[in-house]
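Undergrad: Take a look at the following structure, please.
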Amino acid sequence: MTLQAAPWPAPSVLLLVSAAVIGLMAGWWVRRAVGCYRPPATDSAGAAVTVRVPPLVLEFVTAALFLVLAWRFGLSWHLPAYLFFAAIGVELSAIDLRHRLLPNPILLRAVVLGSVLLIAAAAAEGQFASLLRAVLGAVLLFVLYLVLAIINPRGLGMGDVKLAAPLGLFLAFHGWRALAEGAFLGFLIGAAAGLVLLASRRGSRKSAIPFGPSMFVGAIVALLWT
């Protein structure tokens, strides 16, 4: 069963404007959090491809995500959960691009606070089957990434494996189709990003390319598409 989110007819203008403004404020907080983050002293990017995000990009990206998610889901109990997912996904993606690292405390926050928000949404809307599906989805996607990381440790890091859990949680809460498409799109976008870097000569076949942003973008597209 898939959540019956508002299709795509536009909700109220007030909701969209409010979502965009809140997104700008959330993006400001995300930029500060990313700027204040310091990786462990033992961490080294080595030959990794790293990217510094220009000023105001995080604010506008977060605002845009809040806007389209408000348009997609309308004024509903599960909208706050997906807005939180967008904000923390932008934060994790920016840190991964800059430091090639997905910090455990932020991943834990994504799971804990995300679970609280989804539980509240399930209780308010009577969607307890969706909550059970979310837990199963988190476990399934985590196990899938763990197996892939064991098979090819150079291709996936443990941060990517841990990120799979909150992604699976939010995607499966929306539906099994969203989970499957989100996982597939993450790999597809990651492969496309690798080809672009190779073609532009900004990276080589041995370069470690941050995969977290591709996972997050794939999840967002799946939520909007399904």
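Chain labels follow the order of the structure tokens: the first chain is A, the next B, and so on; residue numbering restarts at 1 in every chain, and ligands are counted from 1 in their shown order.
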Set the distance at 10 Å and use only C-alpha atoms: which residues neighbour Ala180 in chain A once local chain neighbours fewer than 3 positions away are removed? I'd like the list as a list in words.
TA: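 The residues that qualify are Gly137, Leu141, Gly168, Leu171, Ala172, Gly175, Trp176, Arg177, Ala183, Phe184, Leu185, Ala219 and Ala222 of chain A.
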Undergrad: Skip range 85-93 of chain A itself and residues of its chain fewer than 4 positions away, then list as a PDB file with C-alpha atoms, in the first residue's frame all residues within 6 Å of it, counting only C-alpha atoms.
TA:
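Okay, out-v1.pdb is ready:
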ATOM      1  CA  VAL A  30      22.253  23.712   7.100  1.00  0.00           C
ATOM      2  CA  GLY A 212      25.798  10.052  -0.642  1.00  0.00           C
ATOM      3  CA  PRO A 213      24.481  12.925  -2.790  1.00  0.00           C
TER       4      PRO A 213
END
Undergrad: Which residue gives the smallest distance to Tyr37 in chain A among A:Pro105, A:Ala81, A:Leu65, A:Ala70, with only C-alpha atoms counted?
TA: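 That would be A:Pro105, the residue with the smallest distance to Tyr37 in chain A.
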Undergrad: Which residues come within 10 Å of Leu140 in chain A, counting only C-alpha atoms, excluding same-chain residues fewer than 5 positions away, as number ranges by chain?
TA: A: 134-135, 145-146, 164-165, 168-169, 172, 179
Undergrad: Could the residues in this selection be saved with C-alpha atoms as a PDB file, in the first residue's frame?
TA:
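See again-v2.pdb below for the written result:
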ATOM      1  CA  ALA A 134       9.208   1.752   6.621  1.00  0.00           C
ATOM      2  CA  VAL A 135      11.063  -0.339   9.204  1.00  0.00           C
ATOM      3  CA  TYR A 145      24.171  -1.844   0.661  1.00  0.00           C
ATOM      4  CA  LEU A 146      26.094  -3.849   3.251  1.00  0.00           C
ATOM      5  CA  ALA A 164      20.792   3.472   3.288  1.00  0.00           C
ATOM      6  CA  ALA A 165      18.867   2.957   6.550  1.00  0.00           C
ATOM      7  CA  GLY A 168      14.940   3.113   3.202  1.00  0.00           C
ATOM      8  CA  LEU A 169      12.873   4.339   6.141  1.00  0.00           C
ATOM      9  CA  ALA A 172       9.358   2.620   2.178  1.00  0.00           C
ATOM     10  CA  LEU A 179      11.933   2.224  -2.284  1.00  0.00           C
TER      11      LEU A 179
END
Undergrad: Set the distance at 12 Å and use only C-alpha atoms: which residues neighbour Leu108 in chain A once local chain neighbours fewer than 2 positions away are removed? I'd like the list as a PyMOL selection string.
TA: chain A and resi 88+92+102-106+110-115+159+162-166
Undergrad: Using only N, CA and C atoms, please write the residues we just selected to a file, as a PDB file, in the first residue's frame.
TA:
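Result written to selection-v4.pdb:
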ATOM      1  N   ILE A  88      17.951  17.366   6.157  1.00  0.00           N
ATOM      2  CA  ILE A  88      19.093  16.580   6.623  1.00  0.00           C
ATOM      3  C   ILE A  88      19.800  15.912   5.449  1.00  0.00           C
ATOM      4  N   LEU A  92      23.799  16.281   4.786  1.00  0.00           N
ATOM      5  CA  LEU A  92      24.681  15.131   4.590  1.00  0.00           C
ATOM      6  C   LEU A  92      25.362  15.180   3.222  1.00  0.00           C
ATOM      7  N   LEU A 102      30.232  10.814   5.742  1.00  0.00           N
ATOM      8  CA  LEU A 102      28.855  10.911   6.222  1.00  0.00           C
ATOM      9  C   LEU A 102      28.894  10.674   7.733  1.00  0.00           C
ATOM     10  N   PRO A 103      28.852  11.750   8.528  1.00  0.00           N
ATOM     11  CA  PRO A 103      29.062  11.628   9.979  1.00  0.00           C
ATOM     12  C   PRO A 103      28.004  10.785  10.686  1.00  0.00           C
ATOM     13  N   ASN A 104      28.461   9.927  11.588  1.00  0.00           N
ATOM     14  CA  ASN A 104      27.542   9.062  12.334  1.00  0.00           C
ATOM     15  C   ASN A 104      26.507   9.833  13.147  1.00  0.00           C
ATOM     16  N   PRO A 105      26.875  10.934  13.843  1.00  0.00           N
ATOM     17  CA  PRO A 105      25.853  11.646  14.627  1.00  0.00           C
ATOM     18  C   PRO A 105      24.695  12.175  13.779  1.00  0.00           C
ATOM     19  N   ILE A 106      25.001  12.649  12.568  1.00  0.00           N
ATOM     20  CA  ILE A 106      23.935  13.172  11.708  1.00  0.00           C
ATOM     21  C   ILE A 106      23.094  12.028  11.158  1.00  0.00           C
ATOM     22  N   ALA A 110      19.136  11.452  11.719  1.00  0.00           N
ATOM     23  CA  ALA A 110      18.197  11.204  10.620  1.00  0.00           C
ATOM     24  C   ALA A 110      17.277  10.035  10.947  1.00  0.00           C
ATOM     25  N   VAL A 111      17.839   8.984  11.541  1.00  0.00           N
ATOM     26  CA  VAL A 111      17.032   7.801  11.864  1.00  0.00           C
ATOM     27  C   VAL A 111      16.100   8.080  13.044  1.00  0.00           C
ATOM     28  N   VAL A 112      16.638   8.674  14.111  1.00  0.00           N
ATOM     29  CA  VAL A 112      15.849   8.863  15.332  1.00  0.00           C
ATOM     30  C   VAL A 112      14.740   9.888  15.124  1.00  0.00           C
ATOM     31  N   LEU A 113      15.105  11.104  14.695  1.00  0.00           N
ATOM     32  CA  LEU A 113      14.086  12.133  14.501  1.00  0.00           C
ATOM     33  C   LEU A 113      13.151  11.782  13.349  1.00  0.00           C
ATOM     34  N   GLY A 114      13.709  11.165  12.307  1.00  0.00           N
ATOM     35  CA  GLY A 114      12.855  10.727  11.207  1.00  0.00           C
ATOM     36  C   GLY A 114      11.824   9.713  11.671  1.00  0.00           C
ATOM     37  N   SER A 115      12.239   8.782  12.518  1.00  0.00           N
ATOM     38  CA  SER A 115      11.310   7.779  13.041  1.00  0.00           C
ATOM     39  C   SER A 115      10.218   8.421  13.881  1.00  0.00           C
ATOM     40  N   GLY A 159      29.792   4.665   5.343  1.00  0.00           N
ATOM     41  CA  GLY A 159      28.861   5.789   5.470  1.00  0.00           C
ATOM     42  C   GLY A 159      27.685   5.639   4.524  1.00  0.00           C
ATOM     43  N   LYS A 162      25.339   3.049   5.983  1.00  0.00           N
ATOM     44  CA  LYS A 162      24.531   3.585   7.081  1.00  0.00           C
ATOM     45  C   LYS A 162      23.466   4.546   6.562  1.00  0.00           C
ATOM     46  N   LEU A 163      23.789   5.317   5.525  1.00  0.00           N
ATOM     47  CA  LEU A 163      22.811   6.243   4.944  1.00  0.00           C
ATOM     48  C   LEU A 163      21.634   5.489   4.341  1.00  0.00           C
ATOM     49  N   ALA A 164      21.867   4.258   3.895  1.00  0.00           N
ATOM     50  CA  ALA A 164      20.792   3.472   3.288  1.00  0.00           C
ATOM     51  C   ALA A 164      19.635   3.247   4.259  1.00  0.00           C
ATOM     52  N   ALA A 165      19.926   3.211   5.567  1.00  0.00           N
ATOM     53  CA  ALA A 165      18.867   2.957   6.550  1.00  0.00           C
ATOM     54  C   ALA A 165      17.836   4.080   6.598  1.00  0.00           C
ATOM     55  N   PRO A 166      18.237   5.356   6.816  1.00  0.00           N
ATOM     56  CA  PRO A 166      17.206   6.400   6.795  1.00  0.00           C
ATOM     57  C   PRO A 166      16.545   6.584   5.434  1.00  0.00           C
TER      58      PRO A 166
END
Undergrad: Counting only C-alpha atoms, figure out which residue out of A:Leu75, A:Leu83, A:Ala122, A:Leu156 gets nearest to Leu24 in chain A.
TA: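 Selected residue with least distance to Leu24 in chain A: A:Leu83.
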Undergrad: Excluding Phe60 in chain A and its own-chain neighbours fewer than 4 positions away, which residues fall within 8 Å of it when counting only C-alpha atoms? Please give them as number ranges by chain.
TA: A: 23-24, 27, 56, 64
Undergrad: May I have the residues from that selection written out with C-alpha atoms, as a PDB file, in the first residue's frame?
TA:
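Output saved as out.pdb:
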ATOM      1  CA  GLY A  23      13.192  26.107   3.418  1.00  0.00           C
ATOM      2  CA  LEU A  24      15.370  29.215   3.135  1.00  0.00           C
ATOM      3  CA  GLY A  27      19.025  26.057   4.334  1.00  0.00           C
ATOM      4  CA  LEU A  56      23.594  30.589  -0.915  1.00  0.00           C
ATOM      5  CA  ALA A  64      13.328  24.491  -3.684  1.00  0.00           C
TER       6      ALA A  64
END
Undergrad: With only C-alpha atoms as the basis for distance, which of A:Val139, A:Ala129, A:Ala20, A:Phe84 is at the shortest distance from Arg109 in chain A?
TA: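 For Arg109 in chain A, the nearest of the given residues is A:Phe84.
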Undergrad: Find the residues near Val53 in chain A: any atom within 10 Å, counting only C-alpha atoms, skip ones fewer than 3 places away on the same chain, and give them as a PyMOL selection string.
TA: chain A and resi 31+34+50+56-58+94-95+97-98
Undergrad: In Å, how far is it from CA of Ala193 in chain A to CA of Trp28 in chain A?
TA: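 Here the two named atoms are 26.4 Å from each other.
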Undergrad: Excluding same-chain residues fewer than 4 positions from Val221 in chain A, what lies within 9 Å of it counting only C-alpha atoms, as a PDB file with C-alpha atoms, in the first residue's frame?
TA:
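What landed in selection_15.pdb:
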ATOM      1  CA  GLU A 181      12.943   3.279  -7.679  1.00  0.00           C
ATOM      2  CA  GLY A 182      14.887   5.349  -5.157  1.00  0.00           C
ATOM      3  CA  LEU A 185      17.991   5.918  -9.281  1.00  0.00           C
ATOM      4  CA  PHE A 216      19.767  11.368  -1.717  1.00  0.00           C
ATOM      5  CA  VAL A 217      18.872  12.789  -5.140  1.00  0.00           C
ATOM      6  CA  TRP A 225       7.711  10.601  -9.091  1.00  0.00           C
ATOM      7  CA  THR A 226       5.718   7.851  -7.350  1.00  0.00           C
TER       8      THR A 226
END
Undergrad: Between CA of Gly126 in chain A and CA of Trp77 in chain A, what distance in Å does the model show, to one decimal?
TA: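 So the two atoms, CA of Gly126 in chain A and CA of Trp77 in chain A, lie 10.7 Å apart.
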Undergrad: Pick from A:Ala33, A:Ala26, A:Leu67, A:Val17: nearest to Leu224 in chain A, with only C-alpha atoms counted?
TA: A:Leu67
